[in-house]
file target.txt (compact mmCIF, C-alpha atoms)
# COMPACT_ATOMS: atom_id res chain seq x y z
CA MET A 1 45.99 -13.84 25.61
CA SER A 2 48.73 -11.24 25.93
CA PRO A 3 50.49 -10.19 22.71
CA THR A 4 53.80 -10.99 24.37
CA GLU A 5 52.84 -14.67 24.26
CA PHE A 6 52.92 -14.47 20.47
CA LEU A 7 56.19 -12.58 20.37
CA THR A 8 59.69 -13.80 20.71
CA GLY A 9 63.02 -12.19 21.46
CA ALA A 10 63.45 -8.71 20.02
CA GLN A 11 59.75 -8.33 19.18
CA ALA A 12 58.63 -8.79 22.76
CA THR A 13 61.42 -6.51 23.99
CA THR A 14 60.33 -3.75 21.59
CA TYR A 15 56.67 -4.14 22.52
CA LEU A 16 57.36 -3.92 26.23
CA GLN A 17 59.86 -1.08 25.74
CA TYR A 18 57.20 1.10 24.06
CA ARG A 19 54.83 0.57 26.99
CA GLU A 20 57.51 1.22 29.59
CA ASP A 21 58.67 4.40 27.87
CA ARG A 22 55.10 5.69 27.71
CA ALA A 23 54.63 5.03 31.43
CA ARG A 24 57.95 6.71 32.17
CA ALA A 25 56.93 9.81 30.18
CA LEU A 26 53.68 10.02 32.16
CA GLU A 27 55.50 9.66 35.48
CA SER A 28 58.02 12.33 34.62
CA GLY A 29 55.36 14.78 33.40
CA THR A 30 56.96 15.03 29.95
CA HIS A 31 54.22 13.16 28.09
CA TYR A 32 52.94 15.07 25.05
CA TRP A 33 49.36 15.06 26.38
CA GLN A 34 50.52 16.42 29.74
CA ARG A 35 52.22 19.33 28.00
CA ILE A 36 48.95 20.15 26.21
CA ALA A 37 46.98 19.86 29.46
CA ALA A 38 49.44 22.01 31.39
CA SER A 39 49.30 24.76 28.77
CA ARG A 40 45.53 25.06 28.85
CA GLU A 41 45.36 27.90 31.37
CA LYS A 42 48.36 29.74 29.95
CA VAL A 43 47.70 29.71 26.21
CA GLN A 44 44.83 31.51 24.53
CA PRO A 45 43.17 30.21 21.35
CA VAL A 46 43.99 31.99 18.11
CA ASN A 47 41.33 32.88 15.57
CA CYS A 48 42.38 31.85 12.11
CA GLU A 49 40.75 32.97 8.87
CA TYR A 50 42.39 30.21 6.82
CA VAL A 51 41.14 26.73 6.05
CA GLY A 52 42.51 23.90 3.95
CA VAL A 53 40.27 22.71 1.11
CA TRP A 54 41.01 19.40 -0.55
CA GLU A 55 39.72 16.49 -2.54
CA ASP A 56 40.76 12.94 -1.90
CA PRO A 57 42.31 11.46 -5.09
CA LEU A 58 41.52 7.99 -3.74
CA SER A 59 37.80 8.86 -3.43
CA PRO A 60 37.11 11.10 -6.44
CA ASP A 61 33.33 11.05 -5.97
CA GLN A 62 33.52 12.55 -2.49
CA PRO A 63 32.73 16.27 -2.15
CA LEU A 64 35.32 18.88 -1.26
CA LYS A 65 36.62 18.56 2.30
CA VAL A 66 37.29 21.63 4.43
CA THR A 67 39.87 21.30 7.20
CA SER A 68 39.78 23.99 9.86
CA PRO A 69 42.64 24.19 12.39
CA SER A 70 41.75 24.23 16.08
CA GLY A 71 42.27 27.70 17.54
CA ARG A 72 43.68 26.17 20.71
CA CYS A 73 46.16 24.06 18.77
CA LEU A 74 47.29 27.12 16.82
CA GLY A 75 47.74 29.03 20.09
CA GLU A 76 49.83 26.18 21.50
CA LEU A 77 51.97 26.05 18.36
CA MET A 78 52.54 29.79 18.45
CA ALA A 79 53.45 29.66 22.15
CA GLY A 80 56.07 26.97 21.55
CA GLY A 81 57.41 24.28 23.84
CA ILE A 82 54.31 22.07 23.62
CA HIS A 83 54.05 20.28 20.28
CA PRO A 84 56.79 18.25 18.61
CA SER A 85 57.97 18.86 15.06
CA ILE A 86 55.92 17.58 12.16
CA GLU A 87 58.75 15.14 11.45
CA ALA A 88 58.22 13.59 14.89
CA HIS A 89 54.55 13.04 14.05
CA TRP A 90 55.41 11.52 10.70
CA GLY A 91 58.05 9.34 12.29
CA ALA A 92 55.70 7.76 14.80
CA GLN A 93 55.59 4.05 14.16
CA VAL A 94 53.32 1.34 15.32
CA LEU A 95 54.24 -2.16 16.33
CA LEU A 96 51.29 -4.14 15.11
CA VAL A 97 50.42 -7.45 16.66
CA SER A 98 47.66 -8.84 14.53
CA GLN A 99 46.42 -12.13 15.84
CA ASP A 100 43.99 -14.65 14.46
CA GLY A 101 44.06 -16.88 17.51
CA ARG A 102 46.97 -18.98 16.35
CA HIS A 103 49.77 -16.67 15.35
CA ALA A 104 50.77 -13.02 15.35
CA VAL A 105 51.95 -10.77 12.56
CA VAL A 106 54.34 -8.13 13.81
CA GLU A 107 54.84 -5.11 11.60
CA GLN A 108 56.23 -1.63 11.99
CA ILE A 109 54.40 0.97 9.91
CA ASP A 110 54.70 4.74 9.75
CA ALA A 111 52.20 7.31 11.00
CA PRO A 112 50.45 8.29 7.72
CA LYS A 113 49.81 4.65 6.87
CA MET A 114 48.77 4.02 10.46
CA ARG A 115 46.11 6.73 10.24
CA ARG A 116 44.73 5.43 6.96
CA GLU A 117 44.95 1.68 7.26
CA LEU A 118 45.35 0.56 10.83
CA ALA A 119 41.75 0.68 11.95
CA PRO A 120 40.40 -2.23 9.88
CA LEU A 121 43.11 -4.55 11.12
CA VAL A 122 42.28 -6.82 14.01
CA GLY A 123 44.68 -7.24 16.87
CA GLU A 124 46.59 -5.18 19.36
CA TRP A 125 49.21 -2.60 18.70
CA VAL A 126 51.36 -0.07 20.47
CA VAL A 127 52.38 3.23 18.99
CA ASP A 128 56.01 4.32 19.16
CA TYR A 129 55.39 7.91 20.16
CA ARG A 130 58.64 8.38 22.04
CA ARG A 131 59.95 11.17 19.81
CA CYS A 132 56.71 13.12 20.28
CA HIS A 133 57.11 12.87 24.05
CA ALA A 134 60.79 13.79 24.03
CA GLU A 135 60.85 16.65 21.54
CA THR A 136 59.29 20.13 21.48
CA MET A 137 59.42 22.96 18.99
CA GLY A 138 59.93 26.66 19.57
CA PRO A 139 57.25 29.26 18.75
CA LEU A 140 55.84 29.28 15.22
CA THR A 141 54.26 32.11 13.27
CA LEU A 142 50.57 31.78 12.39
CA THR A 143 51.46 30.78 8.83
CA GLN A 144 53.87 28.11 10.05
CA ALA A 145 51.30 26.85 12.58
CA VAL A 146 48.60 26.48 9.91
CA GLU A 147 51.09 24.65 7.69
CA TRP A 148 52.00 22.31 10.59
CA VAL A 149 48.34 21.41 11.15
CA MET A 150 47.68 20.82 7.44
CA LYS A 151 50.79 18.69 7.01
CA LYS A 152 49.80 16.62 10.01
CA ASP A 153 46.08 16.17 9.32
CA VAL A 154 45.64 16.23 5.55
CA PRO A 155 47.00 13.00 4.04
CA ASN A 156 50.39 13.57 2.40
CA TYR A 157 49.25 11.88 -0.83
CA VAL A 158 46.83 14.82 -1.23
CA TRP A 159 49.26 17.75 -0.93
CA GLY A 160 52.65 16.09 -1.41
CA VAL A 161 52.16 14.59 -4.88
CA LYS A 162 52.18 16.70 -8.05
CA ARG A 163 49.16 16.00 -10.27
CA ASN A 164 47.61 17.48 -13.40
CA ARG A 165 45.20 19.60 -11.37
CA PRO A 166 45.10 21.00 -7.82
CA TYR A 167 43.78 18.76 -5.06
CA PHE A 168 44.68 20.98 -2.11
CA ALA A 169 44.67 24.71 -1.37
CA ILE A 170 44.70 26.98 1.67
CA ILE A 171 42.14 29.76 1.32
CA ARG A 172 40.34 32.28 3.49
CA ARG A 173 37.06 31.23 5.08
CA ASP A 174 35.15 33.96 3.24
CA GLN A 175 36.25 32.51 -0.11
CA LEU A 176 34.12 29.42 0.42
CA PRO A 177 30.58 29.42 -1.05
CA LYS A 178 28.18 31.20 1.27
CA SER A 179 25.27 28.87 0.58
CA ARG A 180 25.48 25.27 1.70
CA ALA A 181 22.40 24.25 -0.29
CA PHE A 182 24.55 22.12 -2.60
CA ARG A 183 27.30 21.28 -0.09
CA LYS A 184 27.62 17.68 -1.29
CA CYS A 185 28.47 18.95 -4.79
CA TRP A 186 31.30 21.29 -3.85
CA ARG A 187 34.45 20.77 -5.90
CA LEU A 188 37.84 22.43 -5.57
CA ARG A 189 37.82 23.73 -9.16
CA ASP A 190 34.58 25.67 -8.46
CA VAL A 191 36.08 27.36 -5.42
CA LEU A 192 39.28 28.26 -7.24
CA GLN A 193 37.43 29.53 -10.32
CA GLN A 194 35.28 31.71 -8.09
CA MET A 195 38.53 33.19 -6.76
CA GLY A 196 39.74 33.83 -10.29
CA MET A 197 42.37 31.12 -10.15
CA ALA A 198 42.80 28.47 -12.83
CA ALA A 199 41.87 25.00 -11.66
CA MET B 1 52.26 20.96 36.79
CA ALA B 2 54.60 21.59 39.69
CA ASN B 3 54.21 18.05 40.93
CA SER B 4 53.51 15.87 37.95
CA ALA B 5 53.11 12.72 40.06
CA LYS B 6 49.75 14.06 41.25
CA TRP B 7 48.49 13.79 37.70
CA LEU B 8 48.85 10.05 37.57
CA PRO B 9 45.69 8.99 39.46
CA THR B 10 43.57 11.34 37.37
CA VAL B 11 44.95 10.50 33.94
CA GLU B 12 43.15 7.16 33.66
CA GLY B 13 39.69 8.60 34.20
CA THR B 14 39.85 11.86 32.29
CA ALA B 15 38.71 12.66 28.77
CA LYS B 16 41.84 12.58 26.62
CA ALA B 17 40.21 14.78 23.99
CA TRP B 18 36.96 16.71 23.72
CA SER B 19 35.41 19.24 21.39
CA ASN B 20 32.52 21.65 21.06
CA LEU B 21 32.14 22.15 17.32
CA ASP B 22 29.94 24.64 15.49
CA GLY B 23 29.04 22.65 12.39
CA VAL B 24 26.95 25.27 10.58
CA GLY B 25 28.61 27.28 7.83
CA THR B 26 32.39 27.04 7.76
CA ILE B 27 33.04 24.83 10.75
CA ALA B 28 34.86 26.17 13.79
CA ALA B 29 35.28 25.03 17.37
CA ALA B 30 33.85 26.97 20.29
CA ASP B 31 36.44 25.19 22.42
CA ASP B 32 38.33 21.92 22.53
CA PHE B 33 41.15 19.99 24.13
CA ASN B 34 43.87 17.90 22.45
CA VAL B 35 42.37 18.51 19.01
CA ALA B 36 44.48 19.64 16.05
CA SER B 37 41.81 20.21 13.39
CA TYR B 38 38.29 19.55 12.14
CA THR B 39 37.23 18.44 8.70
CA ASP B 40 33.87 19.15 7.09
CA SER B 41 33.30 16.35 4.59
CA GLY B 42 29.74 17.21 3.60
CA THR B 43 26.38 17.91 5.16
CA GLY B 44 26.35 16.48 8.68
CA ASN B 45 29.66 14.70 8.09
CA TYR B 46 32.55 15.76 10.31
CA GLY B 47 36.04 14.56 11.18
CA VAL B 48 38.14 15.34 14.24
CA THR B 49 41.91 14.82 14.34
CA VAL B 50 43.56 14.75 17.74
CA ALA B 51 46.98 16.17 18.56
CA ASN B 52 48.30 13.39 20.82
CA ASP B 53 47.18 10.11 19.25
CA PHE B 54 45.58 7.26 21.13
CA ALA B 55 47.44 4.02 21.67
CA SER B 56 44.94 2.16 19.50
CA GLY B 57 41.60 2.61 17.76
CA ASN B 58 39.80 1.03 20.71
CA TYR B 59 38.94 4.21 22.57
CA ALA B 60 35.41 5.30 23.52
CA ILE B 61 33.68 8.24 21.84
CA ASN B 62 30.66 10.00 23.32
CA GLY B 63 28.65 12.48 21.32
CA THR B 64 25.60 14.69 21.63
CA ALA B 65 24.24 17.50 19.50
CA GLN B 66 22.40 20.70 20.23
CA ASN B 67 18.76 20.54 19.23
CA ASN B 68 16.83 23.23 17.42
CA SER B 69 13.90 24.39 19.49
CA SER B 70 11.85 25.33 16.40
CA SER B 71 11.53 21.72 15.20
CA SER B 72 10.09 18.73 17.01
CA GLY B 73 12.56 15.88 16.76
CA SER B 74 16.06 15.12 17.87
CA ARG B 75 19.55 15.61 16.54
CA ASN B 76 21.96 12.78 17.08
CA ILE B 77 25.66 12.08 16.74
CA GLU B 78 26.76 8.73 15.35
CA VAL B 79 30.23 7.43 14.59
CA ASN B 80 30.60 6.67 10.89
CA GLU B 81 30.13 3.01 10.09
CA ASP B 82 32.30 3.35 6.98
CA THR B 83 35.30 5.08 8.62
CA VAL B 84 35.99 3.54 12.00
CA PRO B 85 38.17 5.52 14.43
CA THR B 86 41.93 5.33 13.96
CA THR B 87 44.59 6.16 16.53
CA GLY B 88 44.57 9.83 15.53
CA ALA B 89 41.17 10.65 14.06
CA TYR B 90 37.47 9.86 14.17
CA ASN B 91 34.54 10.81 11.97
CA PHE B 92 30.92 11.24 12.88
CA TYR B 93 27.56 12.07 11.34
CA SER B 94 24.96 14.39 12.76
CA SER B 95 21.40 13.48 11.88
CA PHE B 96 17.84 14.57 12.49
CA VAL B 97 15.00 12.25 13.43
CA ASN B 98 11.31 12.94 14.06
CA ALA B 99 7.97 11.27 13.40
CA THR B 100 8.23 11.78 9.63
CA THR B 101 11.98 12.11 8.98
CA ASN B 102 14.16 9.08 9.27
CA ASN B 103 17.80 9.84 10.12
CA THR B 104 18.49 12.67 7.69
CA ARG B 105 21.96 14.15 7.85
CA VAL B 106 21.97 17.78 8.92
CA ASP B 107 24.52 20.34 10.05
CA VAL B 108 24.25 21.10 13.75
CA ALA B 109 24.96 24.35 15.57
CA ALA B 110 26.90 22.48 18.26
CA ALA B 111 28.32 18.95 18.20
CA TYR B 112 29.83 17.85 21.49
CA THR B 113 32.22 14.87 21.52
CA SER B 114 34.61 13.44 24.08
CA CYS B 115 37.06 10.54 23.95
CA PHE B 116 38.27 8.19 26.66
CA GLY B 117 41.06 5.68 26.23
CA ASP B 118 44.77 5.01 26.48
CA LEU B 119 47.17 7.52 24.98
CA ALA B 120 50.05 6.74 22.69

call {"tool": "encode", "arguments": {"input": "target.txt", "output": "structure tokens"}}
result
Amino acid sequence: MSPTEFLTGAQATTYLQYREDRARALESGTHYWQRIAASREKVQPVNCEYVGVWEDPLSPDQPLKVTSPSGRCLGELMAGGIHPSIEAHWGAQVLLVSQDGRHAVVEQIDAPKMRRELAPLVGEWVVDYRRCHAETMGPLTLTQAVEWVMKKDVPNYVWGVKRNRPYFAIIRRDQLPKSRAFRKCWRLRDVLQQMGMAA
Amino acid sequence: MANSAKWLPTVEGTAKAWSNLDGVGTIAAADDFNVASYTDSGTGNYGVTVANDFASGNYAINGTAQNNSSSSGSRNIEVNEDTVPTTGAYNFYSSFVNATTNNTRVDVAAAYTSCFGDLA
């Protein structure tokens, strides 16, 4: 059963509008993915010595996570004209059509929540990605590019909330422990103390 | 992309994102496409975040891992059962299996993944 059969009026219009706008972006060659694909032969990957290290406050027993930016993505960000602003990524919304066979629940939620909570929900949804298709940024410096990747891919409740101890830091790769023998026990405070920083 | 209309017939059948990840030591990609970052969450536990999200979590993920010729057994890639793929990210385990070792998580020198599905 099509989701539009559950929807009425403005809901159905919004649902169909998202799909039409996505098709239009593909036809016009302005789709975000097409910009990435078209840049592949022009943009070289950038080696980056920095990684983001973080602990998830919602899963305190989990070991330290290490987020490493893609060299190609950094190259694209530094070239400019390919990726949208971080605000466009955060502003992406999803129109959720969750159906249990009898009725639909239509909800618009923002991108960070979508990444964390959408998957377990059952139903069909369309992502409002129109701003990401329409908007591009100019060239970034390497520092700005790394910050863009971290702000996009590390949950904002990790780095955007002040707590009584650090949960997130950007460090050089060589500042991580050399041995991975106890990888599942790595904690952020150990890494920072090794660097001579209070944790 | 001089004539973008020519892209249309190929878009449906192409991999929307792929990666060749070196998972030993501090992780780094040998190469990738439409990937923003990788996250090392523990031994044999990796996450990939795409740049252009998928339209839903219902995309297909393929994965293989490079084997180590010095050990008899196989290294496998499996999508995490506890963190199912979302529109913008997926997690996977790499594990080792042989006659005496049952699905032990290990870091792999190369984890190859590709994703097929509708884009946002």

call {"tool": "closest_residue", "arguments": {"input": "target.txt", "among": "A:Asn156, A:Lys65, A:Glu20, A:Ala169", "to": "Lys184 (chain A)", "atoms": "all atoms listed in the file"}}
result
A:Lys65

call {"tool": "interface_residues", "arguments": {"input": "target.txt", "of": "chain B", "to": "chain A", "cutoff": "8 Å", "atoms": "all atoms listed in the file", "output": "JSON, numbers by chain"}}
result
{"B": [1, 4, 5, 8, 16, 25, 26, 27, 28, 29, 31, 32, 33, 34, 35, 36, 37, 38, 39, 40, 41, 42, 43, 49, 51, 52, 55, 56, 57, 84, 85, 86, 87, 88, 89, 119, 120]}

call {"tool": "write_last_selection", "arguments": {"input": "target.txt", "atoms": "C-alpha atoms", "output": "CSV table (one decimal), keeping the file's coordinate frame"}}
result
chain,number,residue,atom,x,y,z
B,1,MET,CA,52.3,21.0,36.8
B,4,SER,CA,53.5,15.9,38.0
B,5,ALA,CA,53.1,12.7,40.1
B,8,LEU,CA,48.8,10.0,37.6
B,16,LYS,CA,41.8,12.6,26.6
B,25,GLY,CA,28.6,27.3,7.8
B,26,THR,CA,32.4,27.0,7.8
B,27,ILE,CA,33.0,24.8,10.8
B,28,ALA,CA,34.9,26.2,13.8
B,29,ALA,CA,35.3,25.0,17.4
B,31,ASP,CA,36.4,25.2,22.4
B,32,ASP,CA,38.3,21.9,22.5
B,33,PHE,CA,41.2,20.0,24.1
B,34,ASN,CA,43.9,17.9,22.4
B,35,VAL,CA,42.4,18.5,19.0
B,36,ALA,CA,44.5,19.6,16.0
B,37,SER,CA,41.8,20.2,13.4
B,38,TYR,CA,38.3,19.6,12.1
B,39,THR,CA,37.2,18.4,8.7
B,40,ASP,CA,33.9,19.2,7.1
B,41,SER,CA,33.3,16.4,4.6
B,42,GLY,CA,29.7,17.2,3.6
B,43,THR,CA,26.4,17.9,5.2
B,49,THR,CA,41.9,14.8,14.3
B,51,ALA,CA,47.0,16.2,18.6
B,52,ASN,CA,48.3,13.4,20.8
B,55,ALA,CA,47.4,4.0,21.7
B,56,SER,CA,44.9,2.2,19.5
B,57,GLY,CA,41.6,2.6,17.8
B,84,VAL,CA,36.0,3.5,12.0
B,85,PRO,CA,38.2,5.5,14.4
B,86,THR,CA,41.9,5.3,14.0
B,87,THR,CA,44.6,6.2,16.5
B,88,GLY,CA,44.6,9.8,15.5
B,89,ALA,CA,41.2,10.6,14.1
B,119,LEU,CA,47.2,7.5,25.0
B,120,ALA,CA,50.0,6.7,22.7

call {"tool": "atom_distance", "arguments": {"input": "target.txt", "atom1": "CA of Gly81 (chain A)", "atom2": "CA of Val46 (chain A)"}}
result
16.5 Å

call {"tool": "atom_distance", "arguments": {"input": "target.txt", "atom1": "CA of Tyr15 (chain A)", "atom2": "CA of Glu87 (chain A)"}}
result
22.3 Å

call {"tool": "closest_residue", "arguments": {"input": "target.txt", "among": "B:Thr100, B:Asp118, B:Ser95, B:Tyr46", "to": "Gly23 (chain B)", "atoms": "all atoms listed in the file"}}
result
B:Tyr46

call {"tool": "atom_distance", "arguments": {"input": "target.txt", "atom1": "CA of Thr141 (chain A)", "atom2": "CA of Val24 (chain B)"}}
result
28.3 Å

call {"tool": "residues_near_point", "arguments": {"input": "target.txt", "point": "(39.6, 3.4, 28.4)", "cutoff": "10 Å", "atoms": "only C-alpha atoms", "output": "PyMOL selection string"}}
result
chain B and resi 12-16+58-60+115-119

call {"tool": "axis_aligned_box", "arguments": {"input": "target.txt", "around": "region 77-83 of chain B", "padding_each_side": "8 Å", "output": "JSON"}}
result
{"center_x": 30.5, "center_y": 7.5, "center_z": 11.9, "size_x": 25.6, "size_y": 25.1, "size_z": 25.8}

call {"tool": "closest_residue", "arguments": {"input": "target.txt", "among": "A:Gln17, A:Glu49, A:Pro60, A:Gly138", "to": "Glu76 (chain A)", "atoms": "all atoms listed in the file"}}
result
A:Gly138
